[in-house]
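Peer 1: This one is run01.cif, mmCIF, C-alpha atoms.
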data_data
#
loop_
_atom_site.label_atom_id
_atom_site.label_comp_id
_atom_site.auth_asym_id
_atom_site.auth_seq_id
_atom_site.Cartn_x
_atom_site.Cartn_y
_atom_site.Cartn_z
CA MET L 21 147.66 39.74 51.39
CA GLN L 22 144.73 38.31 53.35
CA SER L 23 146.67 36.32 55.95
CA ALA L 24 149.31 37.51 58.38
CA SER L 25 152.42 35.48 59.20
CA THR L 26 152.87 37.16 62.59
CA VAL L 27 150.41 37.53 65.45
CA PHE L 28 150.62 38.80 68.97
CA LEU L 29 148.79 37.43 71.98
CA VAL L 30 148.36 38.67 75.54
CA ARG L 31 148.82 36.14 78.33
CA PRO L 32 146.05 36.89 80.83
CA VAL L 33 146.83 37.22 84.53
CA ARG L 34 143.38 38.24 85.81
CA PHE L 35 141.15 36.20 83.48
CA ALA L 36 137.58 36.01 84.78
CA PHE L 37 133.92 36.30 83.86
CA ASN L 38 133.37 39.95 82.88
CA ALA L 39 129.99 41.19 84.08
CA GLU L 40 130.36 44.43 82.11
CA THR L 41 130.75 42.73 78.73
CA ALA L 42 128.08 40.13 79.52
CA GLN L 43 125.46 42.84 78.97
CA SER L 44 125.96 42.52 75.21
CA ASN L 45 127.86 39.23 74.85
CA TYR L 46 125.44 36.33 75.19
CA PHE L 47 128.21 33.83 74.41
CA GLN L 48 129.69 34.27 77.90
CA HIS L 49 128.89 31.68 80.56
CA ALA L 50 130.16 31.25 84.09
CA MET L 51 131.60 27.84 84.94
CA ALA L 52 130.10 26.68 88.22
CA GLY L 53 132.25 24.97 90.79
CA LEU L 54 135.55 26.58 89.76
CA THR L 55 137.45 28.91 92.04
CA ASP L 56 139.06 32.05 90.63
CA ALA L 57 142.43 30.36 91.01
CA ALA L 58 141.26 27.29 89.10
CA VAL L 59 139.88 29.43 86.28
CA GLN L 60 143.18 31.30 86.04
CA GLU L 61 145.18 28.08 86.05
CA ARG L 62 143.07 26.65 83.23
CA ALA L 63 143.34 29.88 81.23
CA PHE L 64 147.14 29.84 81.57
CA ALA L 65 147.34 26.22 80.44
CA GLU L 66 145.05 26.76 77.44
CA PHE L 67 146.86 29.94 76.43
CA ASP L 68 150.34 28.42 76.64
CA ALA L 69 149.26 25.34 74.69
CA ALA L 70 147.77 27.59 71.98
CA VAL L 71 151.03 29.50 71.63
CA ILE L 72 153.01 26.26 71.31
CA ALA L 73 150.56 24.90 68.73
CA LEU L 74 150.83 28.02 66.56
CA GLN L 75 154.61 28.13 66.80
CA ALA L 76 154.81 24.45 65.87
CA LYS L 77 153.01 25.31 62.62
CA GLY L 78 155.53 28.03 61.78
CA VAL L 79 153.55 31.10 62.82
CA ARG L 80 155.62 33.90 64.33
CA VAL L 81 154.03 34.48 67.72
CA LEU L 82 154.76 37.46 69.96
CA VAL L 83 153.53 37.13 73.54
CA PHE L 84 152.97 40.02 75.91
CA ASP L 85 152.07 39.43 79.53
CA ASP L 86 149.00 41.14 80.90
CA THR L 87 149.58 43.50 83.82
CA PRO L 88 147.80 42.56 87.07
CA GLU L 89 146.58 46.09 87.76
CA PRO L 90 144.07 47.25 86.87
CA PRO L 91 142.24 43.92 86.49
CA LYS L 92 141.53 43.24 82.81
CA PRO L 93 139.42 40.06 82.59
CA ASP L 94 139.35 40.14 78.76
CA ALA L 95 142.99 41.04 78.10
CA VAL L 96 143.36 37.70 76.29
CA PHE L 97 141.39 39.22 73.37
CA PRO L 98 143.74 41.98 72.05
CA ASN L 99 142.27 42.06 68.55
CA ASN L 100 139.56 44.38 69.86
CA TRP L 101 141.73 47.38 70.72
CA LEU L 102 144.04 47.82 67.74
CA THR L 103 144.80 46.91 64.15
CA LEU L 104 148.27 46.94 62.58
CA HIS L 105 148.42 47.69 58.85
CA PRO L 106 150.97 47.08 56.06
CA ASP L 107 151.58 50.80 55.47
CA GLY L 108 152.77 51.25 59.04
CA THR L 109 149.47 52.63 60.34
CA VAL L 110 148.13 51.56 63.73
CA LEU L 111 144.51 52.17 64.63
CA LEU L 112 143.33 52.25 68.25
CA TYR L 113 139.66 51.59 68.86
CA PRO L 114 136.96 52.73 71.32
CA MET L 115 135.81 49.92 73.62
CA CYS L 116 132.28 49.55 74.96
CA ALA L 117 133.02 48.18 78.45
CA PRO L 118 134.97 50.62 80.66
CA ASN L 119 136.96 47.82 82.27
CA ARG L 120 138.31 46.80 78.86
CA ARG L 121 139.74 50.22 78.00
CA PRO L 122 142.96 49.73 80.01
CA GLU L 123 143.80 46.90 77.59
CA ARG L 124 145.11 49.62 75.25
CA ARG L 125 148.74 49.69 76.32
CA SER L 126 151.42 52.09 75.15
CA ASP L 127 154.13 49.69 76.32
CA ILE L 128 152.93 47.08 73.81
CA LEU L 129 153.10 49.67 71.03
CA ALA L 130 156.60 50.64 72.19
CA ALA L 131 157.68 46.99 72.05
CA LEU L 132 156.22 46.60 68.56
CA ARG L 133 158.12 49.70 67.40
CA LYS L 134 161.38 47.91 68.18
CA GLN L 135 160.59 45.18 65.65
CA PHE L 136 158.30 46.87 63.11
CA ILE L 137 157.86 50.20 61.38
CA ILE L 138 155.01 52.27 62.83
CA LYS L 139 154.54 55.48 60.84
CA GLU L 140 151.27 56.73 62.30
CA VAL L 141 148.97 55.95 65.21
CA VAL L 142 145.35 56.92 64.62
CA ASP L 143 143.51 56.95 67.93
CA PHE L 144 139.72 56.70 67.84
CA SER L 145 139.41 55.92 71.54
CA ALA L 146 138.04 59.39 72.39
CA ARG L 147 134.80 58.36 70.70
CA GLU L 148 134.06 56.49 73.92
CA LEU L 149 133.10 59.87 75.36
CA GLU L 150 130.40 60.08 72.67
CA GLY L 151 129.14 56.56 73.37
CA LYS L 152 130.41 55.33 69.99
CA PHE L 153 132.28 52.05 69.92
CA LEU L 154 134.11 49.96 67.34
CA GLU L 155 136.08 47.00 68.62
CA GLY L 156 138.81 46.27 66.11
CA THR L 157 138.60 43.04 64.17
CA GLY L 158 135.85 41.88 66.48
CA SER L 159 133.64 44.51 64.89
CA ILE L 160 135.26 44.67 61.43
CA LEU L 161 136.08 41.83 59.06
CA PHE L 162 138.58 43.00 56.45
CA ASP L 163 138.75 41.48 53.00
CA HIS L 164 142.26 42.76 52.37
CA VAL L 165 142.47 41.33 48.86
CA TYR L 166 139.42 43.14 47.49
CA GLY L 167 139.30 46.09 49.89
CA VAL L 168 135.92 45.36 51.47
CA ALA L 169 135.06 45.69 55.17
CA TYR L 170 132.08 43.92 56.77
CA ALA L 171 130.42 44.69 60.11
CA CYS L 172 127.31 43.58 61.92
CA LEU L 173 126.01 46.52 63.92
CA SER L 174 125.54 46.14 67.66
CA PRO L 175 126.11 48.08 70.90
CA ARG L 176 129.81 47.49 70.25
CA THR L 177 129.84 48.46 66.57
CA ASP L 178 128.68 51.94 65.60
CA GLY L 179 127.64 52.21 61.96
CA ALA L 180 128.87 55.74 61.31
CA LEU L 181 132.22 55.10 62.96
CA PHE L 182 132.60 51.85 61.03
CA ALA L 183 132.06 53.71 57.77
CA GLU L 184 134.55 56.39 58.82
CA VAL L 185 137.25 53.86 59.65
CA ALA L 186 136.63 51.85 56.49
CA ASN L 187 136.91 54.99 54.37
CA ARG L 188 140.05 56.04 56.25
CA LEU L 189 141.61 52.72 55.25
CA ASN L 190 140.17 52.82 51.70
CA TYR L 191 137.87 49.84 52.22
CA ARG L 192 134.29 49.65 50.98
CA PRO L 193 132.04 49.29 54.04
CA ILE L 194 129.16 46.81 54.16
CA ALA L 195 127.10 47.03 57.35
CA PHE L 196 124.26 44.74 58.38
CA HIS L 197 122.46 43.39 61.44
CA ALA L 198 122.82 39.84 62.75
CA TYR L 199 120.83 38.10 65.48
CA ASP L 200 121.14 34.92 67.52
CA HIS L 201 118.39 32.33 68.19
CA ASP L 202 116.87 34.51 70.91
CA GLY L 203 116.77 37.66 68.80
CA HIS L 204 119.78 39.30 70.48
CA GLU L 205 122.12 41.30 68.30
CA ILE L 206 125.31 39.31 67.76
CA TYR L 207 127.92 41.36 69.57
CA HIS L 208 130.84 40.92 67.17
CA THR L 209 131.00 40.22 63.46
CA ASN L 210 133.84 37.75 63.87
CA VAL L 211 131.69 35.21 65.70
CA MET L 212 129.34 34.77 62.73
CA MET L 213 131.71 35.34 59.81
CA CYS L 214 135.25 34.57 58.65
CA ILE L 215 136.87 35.70 55.41
CA GLY L 216 139.72 33.93 53.68
CA ALA L 217 141.32 34.86 50.38
CA ARG L 218 139.02 32.55 48.40
CA PHE L 219 136.28 31.48 50.81
CA ALA L 220 133.95 32.97 53.40
CA VAL L 221 132.34 31.24 56.35
CA VAL L 222 129.13 33.06 57.22
CA CYS L 223 125.90 32.48 59.11
CA LEU L 224 123.46 33.93 56.59
CA GLU L 225 120.43 32.91 58.66
CA SER L 226 121.55 35.35 61.37
CA ILE L 227 121.10 38.22 58.88
CA THR L 228 117.33 38.41 59.04
CA ASP L 229 116.85 41.41 56.77
CA ALA L 230 116.55 40.06 53.23
CA ARG L 231 118.17 43.10 51.60
CA GLU L 232 121.13 43.07 53.97
CA ARG L 233 121.58 39.33 53.49
CA ALA L 234 121.46 39.77 49.72
CA ALA L 235 124.02 42.57 49.88
CA VAL L 236 126.48 40.45 51.87
CA THR L 237 125.96 37.49 49.55
CA ALA L 238 126.35 39.62 46.43
CA SER L 239 129.56 41.18 47.70
CA LEU L 240 131.12 37.83 48.58
CA THR L 241 130.08 36.39 45.22
CA ALA L 242 131.47 39.39 43.33
CA THR L 243 134.81 38.94 45.08
CA LYS L 244 134.92 35.27 44.06
CA HIS L 245 134.58 33.79 47.55
CA GLU L 246 133.09 30.35 47.97
CA ILE L 247 130.40 30.82 50.60
CA ILE L 248 130.33 28.18 53.33
CA GLU L 249 127.16 28.62 55.33
CA ILE L 250 127.06 27.78 59.02
CA SER L 251 124.01 27.61 61.28
CA LEU L 252 123.15 29.58 64.39
CA ALA L 253 123.78 26.42 66.40
CA GLN L 254 127.28 26.24 64.93
CA VAL L 255 127.83 29.94 65.67
CA ALA L 256 127.05 29.19 69.32
CA GLN L 257 129.99 26.76 69.25
CA PHE L 258 132.24 29.48 67.73
CA ALA L 259 132.33 27.92 64.27
CA GLY L 260 132.42 31.42 62.77
CA ASN L 261 135.33 32.58 64.93
CA MET L 262 138.22 31.51 62.70
CA LEU L 263 141.28 33.21 61.22
CA THR L 264 143.54 32.39 58.28
CA LEU L 265 147.29 32.70 58.85
CA GLN L 266 150.18 32.21 56.47
CA PRO L 267 153.36 30.81 58.06
CA ALA L 268 156.65 31.78 56.47
CA ASN L 269 157.00 28.17 55.39
CA GLY L 270 154.18 25.75 54.85
CA PRO L 271 150.54 25.91 53.79
CA GLU L 272 148.04 28.58 54.73
CA MET L 273 146.23 27.72 57.96
CA LEU L 274 142.71 28.22 59.26
CA VAL L 275 142.86 28.51 63.05
CA MET L 276 139.80 27.67 65.14
CA SER L 277 138.93 26.21 68.51
CA GLN L 278 138.34 22.51 69.03
CA SER L 279 134.73 23.38 69.80
CA ALA L 280 134.38 25.11 66.43
CA PHE L 281 135.97 22.18 64.59
CA ASP L 282 133.71 19.69 66.34
CA ALA L 283 130.64 21.74 65.33
CA LEU L 284 131.49 21.64 61.62
CA THR L 285 130.04 18.95 59.40
CA ALA L 286 132.30 16.57 57.52
CA SER L 287 131.37 18.35 54.29
CA GLN L 288 132.27 21.76 55.72
CA ARG L 289 135.61 20.48 56.97
CA GLU L 290 136.34 18.96 53.57
CA THR L 291 135.53 22.21 51.77
CA LEU L 292 137.62 24.33 54.13
CA GLY L 293 140.44 21.80 53.88
CA ARG L 294 140.70 22.46 50.16
CA TYR L 295 141.80 26.01 50.96
CA CYS L 296 143.73 25.74 54.23
CA GLU L 297 145.18 23.35 56.75
CA LEU L 298 142.72 23.24 59.66
CA VAL L 299 144.46 23.94 62.96
CA THR L 300 142.58 23.58 66.25
CA LEU L 301 143.24 25.10 69.66
CA SER L 302 141.70 23.60 72.78
CA ILE L 303 140.50 26.63 74.77
CA PRO L 304 137.21 25.60 76.46
CA THR L 305 137.66 27.74 79.58
CA ILE L 306 138.68 30.86 77.68
CA GLU L 307 135.83 30.65 75.20
CA THR L 308 133.15 29.66 77.73
CA ILE L 309 133.93 32.31 80.34
CA GLY L 310 135.29 34.94 77.95
CA GLY L 311 132.66 34.56 75.27
CA GLY L 312 135.30 34.76 72.55
CA SER L 313 137.33 32.09 70.82
CA ALA L 314 140.51 31.45 68.84
CA ARG L 315 140.23 34.32 66.40
CA CYS L 316 139.65 36.81 69.24
CA MET L 317 142.96 35.83 70.84
CA LEU L 318 144.98 36.68 67.73
CA ALA L 319 146.03 40.22 66.85
CA GLU L 320 147.44 40.15 63.32
CA VAL L 321 150.66 42.03 62.65
CA PHE L 322 150.75 43.33 59.08
CA LEU L 323 153.28 46.07 59.88
CA PRO L 324 156.46 46.26 57.75
CA GLY L 325 159.58 44.92 59.44
CA ALA L 326 162.06 47.35 60.92
#
Would you kindly transcribe this structure into structure tokens?
Peer 2:
Amino acid sequence: MQSASTVFLVRPVRFAFNAETAQSNYFQHAMAGLTDAAVQERAFAEFDAAVIALQAKGVRVLVFDDTPEPPKPDAVFPNNWLTLHPDGTVLLYPMCAPNRRPERRSDILAALRKQFIIKEVVDFSARELEGKFLEGTGSILFDHVYGVAYACLSPRTDGALFAEVANRLNYRPIAFHAYDHDGHEIYHTNVMMCIGARFAVVCLESITDARERAAVTASLTATKHEIIEISLAQVAQFAGNMLTLQPANGPEMLVMSQSAFDALTASQRETLGRYCELVTLSIPTIETIGGGSARCMLAEVFLPGA
């Protein structure tokens, strides 16, 4: 199954521009003229509206409140610190920015255990001591149907650790490098690529090495995905940061921000609409200041029910 029917989100209480993550995330931008209180108020409003929108479409949404101490400016992006798998395995990941590491919360795992079966927790967070990082489904895109994992390497995505995790989960790893307009490494794979069961949105022009680009293309073609190319300009508007979800009732959905939807061409929207219902979330403050978008807010729950 490629798409989850349940997700969990973390409602941020100390949302702010994160200077630590800005060193590798060039999608982050401060919003001039807004007080900290105004930023927080906007983040709350956008978050709550996103939860309501997902629930209205039949997605099961679990919400956990962030804790005020220590401050965790990126707590709204929980997909970076864990993945929850159908066999009951939970993986915890090493985070690049020290002020993001407290996002890994045992109380959230304890709450999940009350509703789902967790058989094993595999904790890779100690790799932080070695300077090796791998940030969940920010770093890794899983093709669950065909057992392939994709990752663009960056300061947040270590190649050897990616291969180790992919092999641990019995996925075939495909690593590559991706760059933005200014030649910076794209910090997370999920801002330039999205994989559905039968389609893949990908910015091939960001993969400047011809062999790596050919390898990604060949793999997607071999797994029968229709490739929908997006441009670097569209990536900058988070058009790659999408996620498919499958409500218990109703059609499969492709969730994206309003900014991402607006960046797509009419032809791209039509093609994607043949596979999924397009669902948009209006989160301009979260994605501008946080440098992540709709997909980053959604931690998929594939765990078996208790």
Peer 1: Could you build a table of the residues in range 132-251 of chain L lying no more than 12 Å from range 96-113 of chain L, giving for each the nearest pair of atoms and their separation in Å rounded to one decimal place, using all atoms listed in the file, ordered by chain and ascending residue number, as a tab-separated table?
Peer 2:
residue	atom	partner	partner_atom	distance
L:Leu132	CA	L:Leu104	CA	10.0
L:Arg133	CA	L:Gly108	CA	10.0
L:Gln135	CA	L:Gly108	CA	11.9
L:Phe136	CA	L:Gly108	CA	8.1
L:Ile137	CA	L:Gly108	CA	5.7
L:Ile138	CA	L:Gly108	CA	4.5
L:Lys139	CA	L:Gly108	CA	4.9
L:Glu140	CA	L:Thr109	CA	4.9
L:Val141	CA	L:Val110	CA	4.7
L:Val142	CA	L:Leu111	CA	4.8
L:Asp143	CA	L:Leu112	CA	4.7
L:Phe144	CA	L:Tyr113	CA	5.2
L:Ser145	CA	L:Tyr113	CA	5.1
L:Ala146	CA	L:Tyr113	CA	8.7
L:Arg147	CA	L:Tyr113	CA	8.5
L:Glu148	CA	L:Tyr113	CA	9.0
L:Lys152	CA	L:Tyr113	CA	10.0
L:Phe153	CA	L:Tyr113	CA	7.5
L:Leu154	CA	L:Tyr113	CA	6.0
L:Glu155	CA	L:Asn100	CA	4.5
L:Gly156	CA	L:Asn100	CA	4.3
L:Thr157	CA	L:Asn99	CA	5.8
L:Gly158	CA	L:Asn100	CA	5.6
L:Ser159	CA	L:Asn100	CA	7.7
L:Ile160	CA	L:Asn100	CA	9.5
L:Leu161	CA	L:Thr103	CA	11.3
L:Phe162	CA	L:Thr103	CA	10.6
L:His164	CA	L:His105	CA	10.2
L:Arg176	CA	L:Asn100	CA	10.2
L:Thr177	CA	L:Tyr113	CA	10.6
L:Asp178	CA	L:Tyr113	CA	11.5
L:Leu181	CA	L:Tyr113	CA	10.1
L:Phe182	CA	L:Tyr113	CA	10.5
L:Val185	CA	L:Leu111	CA	9.0
L:Ala186	CA	L:Leu111	CA	11.3
L:Arg188	CA	L:Leu111	CA	10.3
L:Leu189	CA	L:His105	CA	9.2
L:His208	CA	L:Asn100	CA	9.8
L:Thr209	CA	L:Asn100	CA	11.5
L:Asn210	CA	L:Asn99	CA	10.6
Peer 1: Please return as a ChimeraX atom specification every residue within 12 Å of (121.8, 34.3, 56.4), taking into account only C-alpha atoms and the file's own coordinates.
Peer 2: /L:196-200,212-213,221-237,247-252,255
Peer 1: Those same residues, written as a PDB file, in the frame of the given file with C-alpha atoms?
Peer 2:
ATOM      1  CA  PHE L 196     124.260  44.740  58.380  1.00  0.00           C
ATOM      2  CA  HIS L 197     122.460  43.390  61.440  1.00  0.00           C
ATOM      3  CA  ALA L 198     122.820  39.840  62.750  1.00  0.00           C
ATOM      4  CA  TYR L 199     120.830  38.100  65.480  1.00  0.00           C
ATOM      5  CA  ASP L 200     121.140  34.920  67.520  1.00  0.00           C
ATOM      6  CA  MET L 212     129.340  34.770  62.730  1.00  0.00           C
ATOM      7  CA  MET L 213     131.710  35.340  59.810  1.00  0.00           C
ATOM      8  CA  VAL L 221     132.340  31.240  56.350  1.00  0.00           C
ATOM      9  CA  VAL L 222     129.130  33.060  57.220  1.00  0.00           C
ATOM     10  CA  CYS L 223     125.900  32.480  59.110  1.00  0.00           C
ATOM     11  CA  LEU L 224     123.460  33.930  56.590  1.00  0.00           C
ATOM     12  CA  GLU L 225     120.430  32.910  58.660  1.00  0.00           C
ATOM     13  CA  SER L 226     121.550  35.350  61.370  1.00  0.00           C
ATOM     14  CA  ILE L 227     121.100  38.220  58.880  1.00  0.00           C
ATOM     15  CA  THR L 228     117.330  38.410  59.040  1.00  0.00           C
ATOM     16  CA  ASP L 229     116.850  41.410  56.770  1.00  0.00           C
ATOM     17  CA  ALA L 230     116.550  40.060  53.230  1.00  0.00           C
ATOM     18  CA  ARG L 231     118.170  43.100  51.600  1.00  0.00           C
ATOM     19  CA  GLU L 232     121.130  43.070  53.970  1.00  0.00           C
ATOM     20  CA  ARG L 233     121.580  39.330  53.490  1.00  0.00           C
ATOM     21  CA  ALA L 234     121.460  39.770  49.720  1.00  0.00           C
ATOM     22  CA  ALA L 235     124.020  42.570  49.880  1.00  0.00           C
ATOM     23  CA  VAL L 236     126.480  40.450  51.870  1.00  0.00           C
ATOM     24  CA  THR L 237     125.960  37.490  49.550  1.00  0.00           C
ATOM     25  CA  ILE L 247     130.400  30.820  50.600  1.00  0.00           C
ATOM     26  CA  ILE L 248     130.330  28.180  53.330  1.00  0.00           C
ATOM     27  CA  GLU L 249     127.160  28.620  55.330  1.00  0.00           C
ATOM     28  CA  ILE L 250     127.060  27.780  59.020  1.00  0.00           C
ATOM     29  CA  SER L 251     124.010  27.610  61.280  1.00  0.00           C
ATOM     30  CA  LEU L 252     123.150  29.580  64.390  1.00  0.00           C
ATOM     31  CA  VAL L 255     127.830  29.940  65.670  1.00  0.00           C
TER      32      VAL L 255
END
Peer 1: To one decimal place in Å, what is the distance between CA of Leu301 in chain L and CA of Val27 in chain L?
Peer 2: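 Answer for the CA of Leu301 in chain L to CA of Val27 in chain L separation: 15.0 Å.
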Peer 1: When the PyMOL selection byres ((chain L and resi 310) around 10) is applied to the structure above, which residues does it catch, written out as a PyMOL selection string?
Peer 2: chain L and resi 35-38+41-42+45+47-50+93-97+304-309+311-313+316
Peer 1: Can you give me, as a list in words, the residues this file yields under the PyMOL selection byres ((chain L and resi 32) around 9)?
Peer 2: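 With the PyMOL selection byres ((chain L and resi 32) around 9) on this model, the match is Val30, Arg31, Val33, Arg34, Phe35, Gln60, Ala63, Phe64, Phe67, Asp85, Asp86, Thr87, Pro88, Lys92, Pro93, Asp94, Ala95 and Val96 of chain L.
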Peer 1: Write the selection just made, keeping C-alpha atoms, as a PDB file, keeping the file's coordinate frame?
Peer 2:
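Result file again_31.pdb:
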ATOM      1  CA  VAL L  30     148.360  38.670  75.540  1.00  0.00           C
ATOM      2  CA  ARG L  31     148.820  36.140  78.330  1.00  0.00           C
ATOM      3  CA  VAL L  33     146.830  37.220  84.530  1.00  0.00           C
ATOM      4  CA  ARG L  34     143.380  38.240  85.810  1.00  0.00           C
ATOM      5  CA  PHE L  35     141.150  36.200  83.480  1.00  0.00           C
ATOM      6  CA  GLN L  60     143.180  31.300  86.040  1.00  0.00           C
ATOM      7  CA  ALA L  63     143.340  29.880  81.230  1.00  0.00           C
ATOM      8  CA  PHE L  64     147.140  29.840  81.570  1.00  0.00           C
ATOM      9  CA  PHE L  67     146.860  29.940  76.430  1.00  0.00           C
ATOM     10  CA  ASP L  85     152.070  39.430  79.530  1.00  0.00           C
ATOM     11  CA  ASP L  86     149.000  41.140  80.900  1.00  0.00           C
ATOM     12  CA  THR L  87     149.580  43.500  83.820  1.00  0.00           C
ATOM     13  CA  PRO L  88     147.800  42.560  87.070  1.00  0.00           C
ATOM     14  CA  LYS L  92     141.530  43.240  82.810  1.00  0.00           C
ATOM     15  CA  PRO L  93     139.420  40.060  82.590  1.00  0.00           C
ATOM     16  CA  ASP L  94     139.350  40.140  78.760  1.00  0.00           C
ATOM     17  CA  ALA L  95     142.990  41.040  78.100  1.00  0.00           C
ATOM     18  CA  VAL L  96     143.360  37.700  76.290  1.00  0.00           C
TER      19      VAL L  96
END
Peer 1: Distance CA of Leu263 in chain L-CA of Leu82 in chain L, one decimal place?
Peer 2: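 About the pair CA of Leu263 in chain L and CA of Leu82 in chain L: they are 16.6 Å apart.
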Peer 1: At what distance in Å, to one decimal, does CA of Val71 in chain L lie from CA of Ile206 in chain L?
Peer 2: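 CA of Val71 in chain L lies 27.8 Å from CA of Ile206 in chain L.
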